[in-house]
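Text of the file model-v8.pdb, holding PDB, C-alpha atoms and all ligand atoms:
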ATOM      1  CA  MET U   1      -1.408  29.332 -46.426
ATOM      2  CA  SER U   2       0.477  26.090 -46.397
ATOM      3  CA  VAL U   3       2.885  25.234 -43.607
ATOM      4  CA  HIS U   4       6.596  25.634 -44.155
ATOM      5  CA  ARG U   5       8.076  22.211 -44.783
ATOM      6  CA  GLY U   6      11.369  21.402 -43.159
ATOM      7  CA  PRO U   7      13.386  18.412 -44.266
ATOM      8  CA  GLY U   8      11.496  16.225 -41.816
ATOM      9  CA  ILE U   9       8.332  16.936 -39.840
ATOM     10  CA  LEU U  10       5.798  15.400 -37.449
ATOM     11  CA  HIS U  11       2.179  16.234 -38.303
ATOM     12  CA  LEU U  12      -0.509  15.639 -35.649
ATOM     13  CA  VAL U  13      -3.655  14.890 -37.638
ATOM     14  CA  PRO U  14      -7.163  14.767 -36.120
ATOM     15  CA  THR U  15      -9.657  12.320 -37.628
ATOM     16  CA  PRO U  16     -13.491  12.223 -37.299
ATOM     17  CA  ILE U  17     -15.133  11.282 -33.975
ATOM     18  CA  GLY U  18     -18.244   9.983 -35.725
ATOM     19  CA  ASP U  19     -19.310  11.776 -38.887
ATOM     20  CA  PRO U  20     -16.849  10.735 -41.639
ATOM     21  CA  GLU U  21     -17.106  14.196 -43.232
ATOM     22  CA  ASP U  22     -15.367  15.790 -40.230
ATOM     23  CA  ILE U  23     -11.870  15.639 -41.676
ATOM     24  CA  THR U  24     -10.269  18.767 -43.066
ATOM     25  CA  LEU U  25      -8.909  19.284 -46.553
ATOM     26  CA  ARG U  26      -5.493  19.898 -45.022
ATOM     27  CA  ALA U  27      -5.664  16.663 -42.990
ATOM     28  CA  LEU U  28      -6.399  14.718 -46.185
ATOM     29  CA  ARG U  29      -3.538  16.415 -48.041
ATOM     30  CA  VAL U  30      -1.070  15.792 -45.216
ATOM     31  CA  LEU U  31      -2.084  12.122 -45.020
ATOM     32  CA  ARG U  32      -1.794  11.818 -48.805
ATOM     33  CA  GLU U  33       1.688  13.338 -48.877
ATOM     34  CA  ALA U  34       3.079  11.654 -45.736
ATOM     35  CA  ASP U  35       6.000   9.236 -46.070
ATOM     36  CA  LEU U  36       4.693   7.335 -43.069
ATOM     37  CA  VAL U  37       1.537   7.410 -40.954
ATOM     38  CA  ALA U  38       1.780   6.263 -37.335
ATOM     39  CA  ALA U  39      -1.647   5.049 -36.203
ATOM     40  CA  GLU U  40      -3.073   3.962 -32.862
ATOM     41  CA  ASP U  41      -4.794   1.040 -34.610
ATOM     42  CA  THR U  42      -3.682   0.446 -38.173
ATOM     43  CA  ARG U  43      -6.921  -1.453 -38.985
ATOM     44  CA  THR U  44      -9.060   1.539 -38.013
ATOM     45  CA  THR U  45      -6.865   3.918 -39.988
ATOM     46  CA  ALA U  46      -6.857   1.538 -42.965
ATOM     47  CA  MET U  47     -10.655   2.022 -43.169
ATOM     48  CA  LEU U  48     -10.182   5.806 -43.215
ATOM     49  CA  PHE U  49      -7.550   5.370 -45.933
ATOM     50  CA  ARG U  50      -9.896   3.246 -48.059
ATOM     51  CA  ALA U  51     -12.666   5.837 -47.709
ATOM     52  CA  HIS U  52     -10.367   8.616 -48.978
ATOM     53  CA  ASP U  53      -8.153   6.663 -51.371
ATOM     54  CA  LEU U  54      -5.028   7.222 -49.239
ATOM     55  CA  HIS U  55      -1.993   4.969 -49.591
ATOM     56  CA  ALA U  56       0.800   6.082 -47.222
ATOM     57  CA  PRO U  57       2.524   3.248 -45.369
ATOM     58  CA  LEU U  58       1.078   2.633 -41.884
ATOM     59  CA  VAL U  59       2.877   1.683 -38.676
ATOM     60  CA  SER U  60       1.334   1.125 -35.272
ATOM     61  CA  TYR U  61       1.859   3.622 -32.476
ATOM     62  CA  HIS U  62       0.028   2.714 -29.269
ATOM     63  CA  ASP U  63       0.373   2.650 -25.490
ATOM     64  CA  HIS U  64       2.402  -0.571 -25.561
ATOM     65  CA  ASN U  65       5.062   0.353 -28.145
ATOM     66  CA  GLU U  66       5.095   4.129 -27.677
ATOM     67  CA  VAL U  67       8.573   4.477 -26.158
ATOM     68  CA  ALA U  68      10.386   2.391 -28.782
ATOM     69  CA  ARG U  69       8.256   3.677 -31.653
ATOM     70  CA  ALA U  70       8.789   7.318 -30.668
ATOM     71  CA  ALA U  71      12.562   6.833 -30.960
ATOM     72  CA  GLU U  72      12.153   5.190 -34.390
ATOM     73  CA  LEU U  73       9.893   7.963 -35.643
ATOM     74  CA  VAL U  74      12.330  10.626 -34.481
ATOM     75  CA  GLU U  75      15.071   8.911 -36.473
ATOM     76  CA  ARG U  76      12.851   8.814 -39.562
ATOM     77  CA  ILE U  77      11.995  12.519 -39.183
ATOM     78  CA  ARG U  78      15.638  13.401 -38.596
ATOM     79  CA  GLY U  79      16.367  11.614 -41.852
ATOM     80  CA  GLY U  80      13.893  13.871 -43.676
ATOM     81  CA  ALA U  81      10.621  11.906 -43.499
ATOM     82  CA  ARG U  82       7.179  13.516 -43.267
ATOM     83  CA  VAL U  83       5.477  11.513 -40.540
ATOM     84  CA  ALA U  84       1.798  11.907 -39.623
ATOM     85  CA  LEU U  85       0.361  10.710 -36.315
ATOM     86  CA  VAL U  86      -3.317   9.778 -36.050
ATOM     87  CA  SER U  87      -5.393   8.129 -33.362
ATOM     88  CA  ASP U  88      -8.544   6.033 -33.845
ATOM     89  CA  ALA U  89     -10.772   9.091 -33.537
ATOM     90  CA  GLY U  90     -10.399  12.771 -32.754
ATOM     91  CA  THR U  91      -7.249  14.656 -31.842
ATOM     92  CA  PRO U  92      -4.123  12.599 -31.158
ATOM     93  CA  LEU U  93      -2.722  12.933 -27.604
ATOM     94  CA  VAL U  94      -6.112  13.853 -26.094
ATOM     95  CA  ASN U  95      -6.488  10.704 -24.001
ATOM     96  CA  ASP U  96      -4.673   8.977 -26.814
ATOM     97  CA  PRO U  97      -1.026   8.066 -27.397
ATOM     98  CA  GLY U  98       1.394  10.643 -28.797
ATOM     99  CA  TRP U  99       2.913  12.952 -26.229
ATOM    100  CA  ARG U 100       6.160  10.975 -26.076
ATOM    101  CA  VAL U 101       6.925  11.404 -29.771
ATOM    102  CA  VAL U 102       5.994  15.100 -29.550
ATOM    103  CA  ARG U 103       8.355  15.483 -26.579
ATOM    104  CA  ALA U 104      11.076  13.553 -28.389
ATOM    105  CA  CYS U 105      10.730  15.777 -31.487
ATOM    106  CA  ILE U 106      10.883  18.931 -29.342
ATOM    107  CA  ASP U 107      14.010  17.629 -27.614
ATOM    108  CA  ALA U 108      15.568  16.787 -30.966
ATOM    109  CA  GLY U 109      14.733  20.234 -32.377
ATOM    110  CA  LEU U 110      12.462  18.741 -35.045
ATOM    111  CA  GLN U 111       9.497  20.516 -36.577
ATOM    112  CA  ILE U 112       5.959  19.756 -35.355
ATOM    113  CA  ASP U 113       2.804  20.711 -37.219
ATOM    114  CA  VAL U 114      -0.461  20.476 -35.269
ATOM    115  CA  LEU U 115      -3.602  20.387 -37.405
ATOM    116  CA  PRO U 116      -6.854  21.574 -35.816
ATOM    117  CA  GLY U 117      -9.820  19.245 -35.987
ATOM    118  CA  ALA U 118     -12.378  17.057 -34.250
ATOM    119  CA  CYS U 119     -12.123  16.563 -30.496
ATOM    120  CA  ALA U 120     -15.061  15.170 -28.469
ATOM    121  CA  ALA U 121     -14.304  17.291 -25.381
ATOM    122  CA  ILE U 122     -14.377  20.530 -27.374
ATOM    123  CA  VAL U 123     -17.551  19.633 -29.288
ATOM    124  CA  ALA U 124     -19.244  18.752 -25.986
ATOM    125  CA  LEU U 125     -18.072  21.976 -24.330
ATOM    126  CA  ALA U 126     -19.413  24.057 -27.186
ATOM    127  CA  GLY U 127     -22.887  22.514 -26.985
ATOM    128  CA  ALA U 128     -23.350  21.862 -23.275
ATOM    129  CA  GLY U 129     -24.716  25.299 -22.413
ATOM    130  CA  LEU U 130     -22.179  25.729 -19.620
ATOM    131  CA  PRO U 131     -19.580  28.509 -19.311
ATOM    132  CA  VAL U 132     -16.479  27.845 -21.394
ATOM    133  CA  ASP U 133     -14.363  30.789 -20.269
ATOM    134  CA  ARG U 134     -12.700  28.386 -17.851
ATOM    135  CA  PHE U 135     -12.795  24.600 -18.016
ATOM    136  CA  TYR U 136     -10.988  21.681 -16.459
ATOM    137  CA  TYR U 137     -10.393  18.595 -18.575
ATOM    138  CA  GLY U 138     -10.207  15.509 -16.349
ATOM    139  CA  GLY U 139      -9.862  12.709 -18.930
ATOM    140  CA  PHE U 140     -11.412   9.479 -17.652
ATOM    141  CA  LEU U 141     -12.528   9.354 -14.021
ATOM    142  CA  PRO U 142     -11.203   6.416 -11.959
ATOM    143  CA  ARG U 143     -13.183   3.182 -12.444
ATOM    144  CA  ASP U 144     -13.827   2.418  -8.802
ATOM    145  CA  GLU U 145     -16.372   4.278  -6.730
ATOM    146  CA  GLY U 146     -14.012   5.328  -3.880
ATOM    147  CA  PRO U 147     -11.235   6.834  -6.026
ATOM    148  CA  ARG U 148     -13.855   8.344  -8.368
ATOM    149  CA  ARG U 149     -15.573  10.079  -5.475
ATOM    150  CA  GLU U 150     -12.179  11.326  -4.232
ATOM    151  CA  ALA U 151     -11.215  12.605  -7.672
ATOM    152  CA  LEU U 152     -14.466  14.583  -7.827
ATOM    153  CA  ALA U 153     -14.111  15.814  -4.252
ATOM    154  CA  GLU U 154     -10.698  17.275  -5.119
ATOM    155  CA  LEU U 155     -12.425  19.421  -7.746
ATOM    156  CA  ALA U 156     -15.281  20.590  -5.519
ATOM    157  CA  ALA U 157     -14.047  24.161  -5.132
ATOM    158  CA  LEU U 158     -12.961  24.668  -8.753
ATOM    159  CA  ARG U 159     -14.824  27.515 -10.469
ATOM    160  CA  ALA U 160     -14.560  25.997 -13.931
ATOM    161  CA  THR U 161     -16.705  23.688 -16.033
ATOM    162  CA  LEU U 162     -15.539  20.102 -15.504
ATOM    163  CA  VAL U 163     -15.167  17.859 -18.566
ATOM    164  CA  PHE U 164     -14.670  14.087 -18.413
ATOM    165  CA  TYR U 165     -14.635  11.202 -20.834
ATOM    166  CA  GLU U 166     -16.753   8.453 -19.314
ATOM    167  CA  SER U 167     -17.435   4.826 -20.099
ATOM    168  CA  PRO U 168     -21.124   4.338 -20.971
ATOM    169  CA  VAL U 169     -21.148   1.377 -18.598
ATOM    170  CA  ARG U 170     -20.158   3.518 -15.599
ATOM    171  CA  LEU U 171     -22.114   6.627 -16.542
ATOM    172  CA  ALA U 172     -25.201   5.828 -14.437
ATOM    173  CA  THR U 173     -23.102   5.222 -11.315
ATOM    174  CA  THR U 174     -21.124   8.399 -11.870
ATOM    175  CA  LEU U 175     -24.360  10.375 -12.228
ATOM    176  CA  ASP U 176     -25.578   8.837  -8.947
ATOM    177  CA  THR U 177     -22.346   9.926  -7.272
ATOM    178  CA  LEU U 178     -22.704  13.441  -8.695
ATOM    179  CA  ALA U 179     -26.346  13.620  -7.580
ATOM    180  CA  HIS U 180     -25.189  12.812  -4.079
ATOM    181  CA  LEU U 181     -22.169  15.158  -4.043
ATOM    182  CA  TRP U 182     -23.498  18.140  -5.944
ATOM    183  CA  PRO U 183     -27.292  17.775  -6.259
ATOM    184  CA  THR U 184     -27.934  21.244  -7.672
ATOM    185  CA  ARG U 185     -25.124  21.635 -10.187
ATOM    186  CA  PRO U 186     -25.966  21.543 -13.898
ATOM    187  CA  VAL U 187     -24.760  18.477 -15.765
ATOM    188  CA  CYS U 188     -24.576  17.630 -19.461
ATOM    189  CA  VAL U 189     -24.196  14.179 -20.956
ATOM    190  CA  ALA U 190     -23.059  14.461 -24.584
ATOM    191  CA  ARG U 191     -23.529  11.030 -26.204
ATOM    192  CA  ASN U 192     -22.528   9.817 -29.631
ATOM    193  CA  LEU U 193     -21.473  13.244 -30.853
ATOM    194  CA  THR U 194     -21.695  13.718 -34.621
ATOM    195  CA  LYS U 195     -23.180  10.209 -34.941
ATOM    196  CA  GLU U 196     -26.657   9.073 -35.926
ATOM    197  CA  HIS U 197     -27.816   8.641 -32.325
ATOM    198  CA  GLU U 198     -26.333  11.867 -30.981
ATOM    199  CA  GLN U 199     -27.968  12.825 -27.683
ATOM    200  CA  TRP U 200     -27.579  15.768 -25.315
ATOM    201  CA  ILE U 201     -28.978  15.348 -21.809
ATOM    202  CA  ARG U 202     -29.002  18.523 -19.737
ATOM    203  CA  GLY U 203     -30.249  19.041 -16.187
ATOM    204  CA  THR U 204     -29.144  18.081 -12.694
ATOM    205  CA  ALA U 205     -27.303  14.791 -12.250
ATOM    206  CA  ALA U 206     -30.487  13.153 -10.916
ATOM    207  CA  GLU U 207     -32.504  14.412 -13.893
ATOM    208  CA  ALA U 208     -29.847  13.222 -16.346
ATOM    209  CA  ARG U 209     -29.792   9.834 -14.616
ATOM    210  CA  ALA U 210     -33.564   9.527 -14.985
ATOM    211  CA  ILE U 211     -33.445  10.397 -18.694
ATOM    212  CA  LEU U 212     -30.524   8.037 -19.308
ATOM    213  CA  GLY U 213     -32.454   5.095 -17.833
ATOM    214  CA  GLU U 214     -30.713   1.762 -18.369
ATOM    215  CA  GLU U 215     -28.760   2.880 -21.467
ATOM    216  CA  THR U 216     -25.172   1.587 -21.360
ATOM    217  CA  ARG U 217     -24.111   2.069 -24.971
ATOM    218  CA  GLY U 218     -22.396   4.778 -26.973
ATOM    219  CA  GLU U 219     -19.544   7.183 -26.361
ATOM    220  CA  VAL U 220     -19.891   9.818 -23.712
ATOM    221  CA  VAL U 221     -18.532  13.168 -22.627
ATOM    222  CA  LEU U 222     -19.757  14.190 -19.185
ATOM    223  CA  LEU U 223     -19.725  17.853 -18.190
ATOM    224  CA  VAL U 224     -20.465  19.356 -14.785
ATOM    225  CA  GLY U 225     -20.925  23.003 -13.838
ATOM    226  CA  GLY U 226     -18.102  24.361 -11.685
ATOM    227  CA  ALA U 227     -18.396  25.494  -8.068
ATOM    228  CA  PRO U 228     -21.143  28.117  -8.029
ATOM    229  CA  GLU U 229     -19.997  31.746  -8.071
ATOM    230  CA  GLY U 230     -20.623  33.671  -4.883
ATOM    231  CA  VAL U 231     -21.015  30.591  -2.716
ATOM    232  CA  THR U 232     -18.462  30.795   0.034
ATOM    233  CA  PHE U 233     -18.393  28.422   2.897
ATOM    234  CA  ASP U 234     -18.149  31.054   5.581
ATOM    235  CA  PRO U 235     -17.977  29.747   9.145
ATOM    236  CA  ALA U 236     -21.691  30.344   9.804
ATOM    237  CA  THR U 237     -22.776  28.406   6.680
ATOM    238  CA  LEU U 238     -20.391  25.598   7.487
ATOM    239  CA  ASP U 239     -21.618  25.418  11.082
ATOM    240  CA  ALA U 240     -25.216  25.296   9.903
ATOM    241  CA  ARG U 241     -24.491  22.395   7.562
ATOM    242  CA  ILE U 242     -22.536  20.525  10.238
ATOM    243  CA  THR U 243     -25.338  21.039  12.765
ATOM    244  CA  GLN U 244     -27.902  19.832  10.255
ATOM    245  CA  LEU U 245     -25.948  16.639   9.557
ATOM    246  CA  MET U 246     -25.430  16.121  13.300
ATOM    247  CA  SER U 247     -29.174  16.378  13.806
ATOM    248  CA  GLU U 248     -29.549  13.632  11.186
ATOM    249  CA  GLY U 249     -27.374  11.430  13.382
ATOM    250  CA  LEU U 250     -24.045  11.574  11.509
ATOM    251  CA  GLY U 251     -20.749  11.476  13.409
ATOM    252  CA  ALA U 252     -17.868  13.955  12.957
ATOM    253  CA  ARG U 253     -15.942  11.598  10.688
ATOM    254  CA  ASP U 254     -18.850  11.071   8.263
ATOM    255  CA  ILE U 255     -19.726  14.752   8.334
ATOM    256  CA  ALA U 256     -16.126  15.634   7.484
ATOM    257  CA  SER U 257     -16.071  13.217   4.518
ATOM    258  CA  GLN U 258     -19.397  14.371   3.180
ATOM    259  CA  LEU U 259     -18.787  18.100   3.479
ATOM    260  CA  ALA U 260     -15.186  17.903   2.267
ATOM    261  CA  ALA U 261     -16.457  16.197  -0.865
ATOM    262  CA  ALA U 262     -19.242  18.713  -1.339
ATOM    263  CA  THR U 263     -17.317  21.907  -0.580
ATOM    264  CA  GLY U 264     -13.656  21.194  -1.274
ATOM    265  CA  LEU U 265     -12.728  22.348   2.225
ATOM    266  CA  PRO U 266     -10.055  20.299   4.025
ATOM    267  CA  ARG U 267     -11.549  17.264   5.761
ATOM    268  CA  ARG U 268      -9.491  17.844   8.911
ATOM    269  CA  GLU U 269     -10.797  21.412   9.267
ATOM    270  CA  ILE U 270     -14.421  20.239   9.045
ATOM    271  CA  TYR U 271     -13.778  17.346  11.405
ATOM    272  CA  GLN U 272     -12.305  19.636  14.051
ATOM    273  CA  ARG U 273     -15.200  22.048  13.707
ATOM    274  CA  ALA U 274     -17.730  19.194  13.970
ATOM    275  CA  VAL U 275     -16.045  17.898  17.129
ATOM    276  CA  ALA U 276     -16.042  21.407  18.637
ATOM    277  CA  LEU U 277     -19.711  21.881  17.776
ATOM    278  CA  SER U 278     -20.700  18.476  19.127
ATOM    279  CA  ARG U 279     -19.109  19.439  22.470
ATOM    280  CA  SER U 280     -21.037  22.696  22.604
ATOM    281  CA  GLU U 281     -24.339  21.127  21.439
ATOM    282  CA  PRO U 282     -26.826  20.083  24.084
ATOM    283  CA  PRO U 283     -26.968  16.279  24.106
ATOM    284  CA  ARG U 284     -29.612  14.880  21.765
ATOM    285  CA  ARG U 285     -32.413  12.926  23.371
TER
HETATM  286  N1  LIG U 301      -8.745  11.727 -28.938
HETATM  287  C1  LIG U 301     -10.168  11.662 -28.789
HETATM  288  C2  LIG U 301     -10.747  13.083 -28.909
HETATM  289  O1  LIG U 301     -10.084  13.969 -29.429
HETATM  290  O2  LIG U 301     -11.869  13.288 -28.496
HETATM  291  C3  LIG U 301     -10.576  10.980 -27.507
HETATM  292  C4  LIG U 301     -10.060   9.575 -27.375
HETATM  293  S1  LIG U 301     -10.577   8.780 -25.934
HETATM  294  C5  LIG U 301      -9.619   7.325 -25.979
HETATM  295  C6  LIG U 301     -12.147   8.150 -26.345
HETATM  296  C7  LIG U 301     -13.266   8.783 -25.541
HETATM  297  O3  LIG U 301     -13.607  10.042 -26.110
HETATM  298  C8  LIG U 301     -14.551   7.998 -25.528
HETATM  299  O4  LIG U 301     -14.550   6.978 -24.558
HETATM  300  C9  LIG U 301     -15.579   9.071 -25.207
HETATM  301  O5  LIG U 301     -15.577   9.347 -23.828
HETATM  302  C10 LIG U 301     -14.974  10.267 -25.972
HETATM  303  N2  LIG U 301     -15.552  10.307 -27.327
HETATM  304  C11 LIG U 301     -14.961  10.002 -28.485
HETATM  305  N3  LIG U 301     -15.810  10.150 -29.514
HETATM  306  C12 LIG U 301     -16.977  10.560 -28.986
HETATM  307  C13 LIG U 301     -18.253  10.897 -29.529
HETATM  308  N4  LIG U 301     -18.491  10.801 -30.840
HETATM  309  N5  LIG U 301     -19.231  11.298 -28.682
HETATM  310  C14 LIG U 301     -19.011  11.402 -27.358
HETATM  311  N6  LIG U 301     -17.814  11.099 -26.785
HETATM  312  C15 LIG U 301     -16.825  10.676 -27.590
END
For this file, write the structure as structure tokens.
Ligand code: SAM
Amino acid sequence: MSVHRGPGILHLVPTPIGDPEDITLRALRVLREADLVAAEDTRTTAMLFRAHDLHAPLVSYHDHNEVARAAELVERIRGGARVALVSDAGTPLVNDPGWRVVRACIDAGLQIDVLPGACAAIVALAGAGLPVDRFYYGGFLPRDEGPRREALAELAALRATLVFYESPVRLATTLDTLAHLWPTRPVCVARNLTKEHEQWIRGTAAEARAILGEETRGEVVLLVGGAPEGVTFDPATLDARITQLMSEGLGARDIASQLAAATGLPRREIYQRAVALSRSEPPRR
């Protein structure tokens, strides 16, 4: 059934994430009939247009002109234009520009038509072999080690599969961090989805790191199993882990950082418990 057409409309049109055949018949029709196509990179979209003999006029819509361009597009739609928004690959707005023009259309009472289609996070979730009843999409992790570790630590207690887009250059380091934080959790690296060199690496973070080797190319979705069901950090378990780390020579501050990152419990709570335990422990020789 075709979508009701108002006088003007914004279509959100997914494009392939690798395999050129992953574009729907409806996406092609909408792009063919559009009065204007707003594209993240007009050169990339021009290639798609050549492949499918599409000829709608293209304008750029990217992070640097989004505010001004959104206002212009709203005016065009208000005037009756059928505008399609595409990004370089996959679903617009998913770590790509677009939400401002969607918001502006909603505020202006204009019609929005969202087409389903390719999205790397969803393809990766479907094939990872991890539960998908609940998932957390985290976009790109921070570039630097400290903030990245903190971002992961904040998610330690979440009982949902974690999904991230990751730069291939930082993937090895991120896997090392995960191996340290959550050594037993299942991980999946979904590389080059729908492309010739598609690769799925499944195992613990350390196993995935070993399989990955020195590879720094490709496009990557990184998935991590959520906090294990049934594992609660009851006081006795927490005390045992604190005592173990104390016996390895760590101070209360380091123990608090490490266990907060691993368990999601508040750092201050662990610190206070570690201090209390260190006072009640017989001095180490
Ligand atoms: N809007 C896109 C979508 O729907 O998936 C995502 C855009 S985001 C700027 C680009 C990131 O998506 C890449 O750095 C990579 O992490 C992920 N990605 C895109 N295509 C991919 C593919 N074929 N295989 C694995 N990851 C991919």
Given the PyMOL selection byres (((chain U and resi 154) around 12) and not hetatm) and the file above, list the residues it selects as a list in words.
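So the PyMOL selection byres (((chain U and resi 154) around 12) and not hetatm), applied here, picks out Gly138, Pro147, Arg148, Arg149, Glu150, Ala151, Leu152, Ala153, Leu155, Ala156, Ala157, Leu158, Leu162, Leu181, Ala227, Ser257, Leu259, Ala260, Ala261, Ala262, Thr263, Gly264, Leu265, Pro266 and Arg267 of chain U.
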Have a look at U:Val189, U:Ala68, U:Leu175, U:Leu85 and name the one nearest to ligand LIG 301 (chain U); count all atoms listed in the file.
U:Val189
Starting from the displayed file, determine the output of the PyMOL selection byres (((chain U and resi 274) around 9) and not hetatm) and express the residue list as a list in words.
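That selection, the PyMOL selection byres (((chain U and resi 274) around 9) and not hetatm), comes back as Asp239, Ile242, Thr243, Met246, Gly251, Ala252, Arg253, Ile255, Ala256, Glu269, Ile270, Tyr271, Gln272, Arg273, Val275, Ala276, Leu277, Ser278 and Arg279 of chain U.
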Atoms to include: C-alpha atoms. Write the selected residues as an mmCIF file, keeping the file's coordinate frame.
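Output below, filename part06.cif:
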data_model
loop_
_atom_site.group_PDB
_atom_site.id
_atom_site.type_symbol
_atom_site.label_atom_id
_atom_site.label_comp_id
_atom_site.auth_asym_id
_atom_site.auth_seq_id
_atom_site.Cartn_x
_atom_site.Cartn_y
_atom_site.Cartn_z
ATOM 1 C CA ASP U 239 -21.618 25.418 11.082
ATOM 2 C CA ILE U 242 -22.536 20.525 10.238
ATOM 3 C CA THR U 243 -25.338 21.039 12.765
ATOM 4 C CA MET U 246 -25.430 16.121 13.300
ATOM 5 C CA GLY U 251 -20.749 11.476 13.409
ATOM 6 C CA ALA U 252 -17.868 13.955 12.957
ATOM 7 C CA ARG U 253 -15.942 11.598 10.688
ATOM 8 C CA ILE U 255 -19.726 14.752 8.334
ATOM 9 C CA ALA U 256 -16.126 15.634 7.484
ATOM 10 C CA GLU U 269 -10.797 21.412 9.267
ATOM 11 C CA ILE U 270 -14.421 20.239 9.045
ATOM 12 C CA TYR U 271 -13.778 17.346 11.405
ATOM 13 C CA GLN U 272 -12.305 19.636 14.051
ATOM 14 C CA ARG U 273 -15.200 22.048 13.707
ATOM 15 C CA VAL U 275 -16.045 17.898 17.129
ATOM 16 C CA ALA U 276 -16.042 21.407 18.637
ATOM 17 C CA LEU U 277 -19.711 21.881 17.776
ATOM 18 C CA SER U 278 -20.700 18.476 19.127
ATOM 19 C CA ARG U 279 -19.109 19.439 22.470
#
With all atoms of ligand LIG 301 (chain U) from the file as input, state the centre and edge lengths in Å to one decimal of the axis-aligned box that has 6 Å extra on each side, as lines of an AutoDock Vina configuration file.
center_x = -14.0
center_y = 10.5
center_z = -27.3
size_x = 22.5
size_y = 19.0
size_z = 19.0
Proximity of chain U to ligand LIG 301 (chain U): per-residue shortest pair, 8 Å limit, all atoms listed in the file, as JSON lines:
{"residue": "U:Pro14", "atom": "CA", "partner": "U:LIG301", "partner_atom": "O1", "distance": 7.3}
{"residue": "U:Ile17", "atom": "CA", "partner": "U:LIG301", "partner_atom": "N4", "distance": 4.6}
{"residue": "U:Gly18", "atom": "CA", "partner": "U:LIG301", "partner_atom": "N4", "distance": 5.0}
{"residue": "U:Ser87", "atom": "CA", "partner": "U:LIG301", "partner_atom": "N1", "distance": 6.6}
{"residue": "U:Asp88", "atom": "CA", "partner": "U:LIG301", "partner_atom": "N1", "distance": 7.5}
{"residue": "U:Ala89", "atom": "CA", "partner": "U:LIG301", "partner_atom": "C1", "distance": 5.4}
{"residue": "U:Gly90", "atom": "CA", "partner": "U:LIG301", "partner_atom": "O1", "distance": 3.5}
{"residue": "U:Thr91", "atom": "CA", "partner": "U:LIG301", "partner_atom": "O1", "distance": 3.8}
{"residue": "U:Pro92", "atom": "CA", "partner": "U:LIG301", "partner_atom": "N1", "distance": 5.2}
{"residue": "U:Leu93", "atom": "CA", "partner": "U:LIG301", "partner_atom": "N1", "distance": 6.3}
{"residue": "U:Val94", "atom": "CA", "partner": "U:LIG301", "partner_atom": "N1", "distance": 4.4}
{"residue": "U:Asn95", "atom": "CA", "partner": "U:LIG301", "partner_atom": "S1", "distance": 4.9}
{"residue": "U:Asp96", "atom": "CA", "partner": "U:LIG301", "partner_atom": "C5", "distance": 5.3}
{"residue": "U:Ala118", "atom": "CA", "partner": "U:LIG301", "partner_atom": "O1", "distance": 6.2}
{"residue": "U:Cys119", "atom": "CA", "partner": "U:LIG301", "partner_atom": "O1", "distance": 3.5}
{"residue": "U:Ala120", "atom": "CA", "partner": "U:LIG301", "partner_atom": "O2", "distance": 3.7}
{"residue": "U:Ala121", "atom": "CA", "partner": "U:LIG301", "partner_atom": "O2", "distance": 5.6}
{"residue": "U:Ile122", "atom": "CA", "partner": "U:LIG301", "partner_atom": "O2", "distance": 7.7}
{"residue": "U:Ala124", "atom": "CA", "partner": "U:LIG301", "partner_atom": "C14", "distance": 7.5}
{"residue": "U:Phe140", "atom": "CA", "partner": "U:LIG301", "partner_atom": "O5", "distance": 7.5}
{"residue": "U:Phe164", "atom": "CA", "partner": "U:LIG301", "partner_atom": "O5", "distance": 7.3}
{"residue": "U:Tyr165", "atom": "CA", "partner": "U:LIG301", "partner_atom": "O5", "distance": 3.6}
{"residue": "U:Glu166", "atom": "CA", "partner": "U:LIG301", "partner_atom": "O5", "distance": 4.7}
{"residue": "U:Ser167", "atom": "CA", "partner": "U:LIG301", "partner_atom": "O4", "distance": 5.7}
{"residue": "U:Pro168", "atom": "CA", "partner": "U:LIG301", "partner_atom": "O4", "distance": 7.9}
{"residue": "U:Ala190", "atom": "CA", "partner": "U:LIG301", "partner_atom": "C14", "distance": 5.8}
{"residue": "U:Arg191", "atom": "CA", "partner": "U:LIG301", "partner_atom": "C14", "distance": 4.7}
{"residue": "U:Asn192", "atom": "CA", "partner": "U:LIG301", "partner_atom": "N5", "distance": 3.7}
{"residue": "U:Leu193", "atom": "CA", "partner": "U:LIG301", "partner_atom": "N5", "distance": 3.7}
{"residue": "U:Thr194", "atom": "CA", "partner": "U:LIG301", "partner_atom": "N4", "distance": 5.8}
{"residue": "U:Lys195", "atom": "CA", "partner": "U:LIG301", "partner_atom": "N4", "distance": 6.3}
{"residue": "U:Glu198", "atom": "CA", "partner": "U:LIG301", "partner_atom": "N5", "distance": 7.5}
{"residue": "U:Gly218", "atom": "CA", "partner": "U:LIG301", "partner_atom": "N5", "distance": 7.4}
{"residue": "U:Glu219", "atom": "CA", "partner": "U:LIG301", "partner_atom": "N6", "distance": 4.3}
{"residue": "U:Val220", "atom": "CA", "partner": "U:LIG301", "partner_atom": "N6", "distance": 3.9}
{"residue": "U:Val221", "atom": "CA", "partner": "U:LIG301", "partner_atom": "N6", "distance": 4.7}
{"residue": "U:Leu222", "atom": "CA", "partner": "U:LIG301", "partner_atom": "O5", "distance": 7.9}
Grab the CA of Thr216 (chain U) to CA of Leu130 (chain U) distance for me, in Å with one decimal place.
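These atoms are spaced 24.4 Å apart.
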Distance of CA of Pro186 (chain U) from CA of Phe135 (chain U), expressed in Å to one decimal place
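CA of Pro186 (chain U) lies 14.1 Å from CA of Phe135 (chain U).
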Using only C-alpha atoms: which of U:Arg170, U:Val132, U:Val74, U:Ala104 has the shortest distance to Glu215 (chain U):
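Of the candidates, the smallest distance to Glu215 (chain U) is held by U:Arg170.
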Hey, which of U:Arg100, U:His180, U:Arg134, U:Arg29 ends up closest to Asp53 (chain U)? Count all atoms listed in the file.
U:Arg29
Any chance you could resolve the PyMOL selection byres (((chain U and resi 206) around 8) and not hetatm) against this file and give the residues as JSON, numbers by chain?
{"U": [175, 176, 179, 183, 203, 204, 205, 207, 208, 209, 210]}
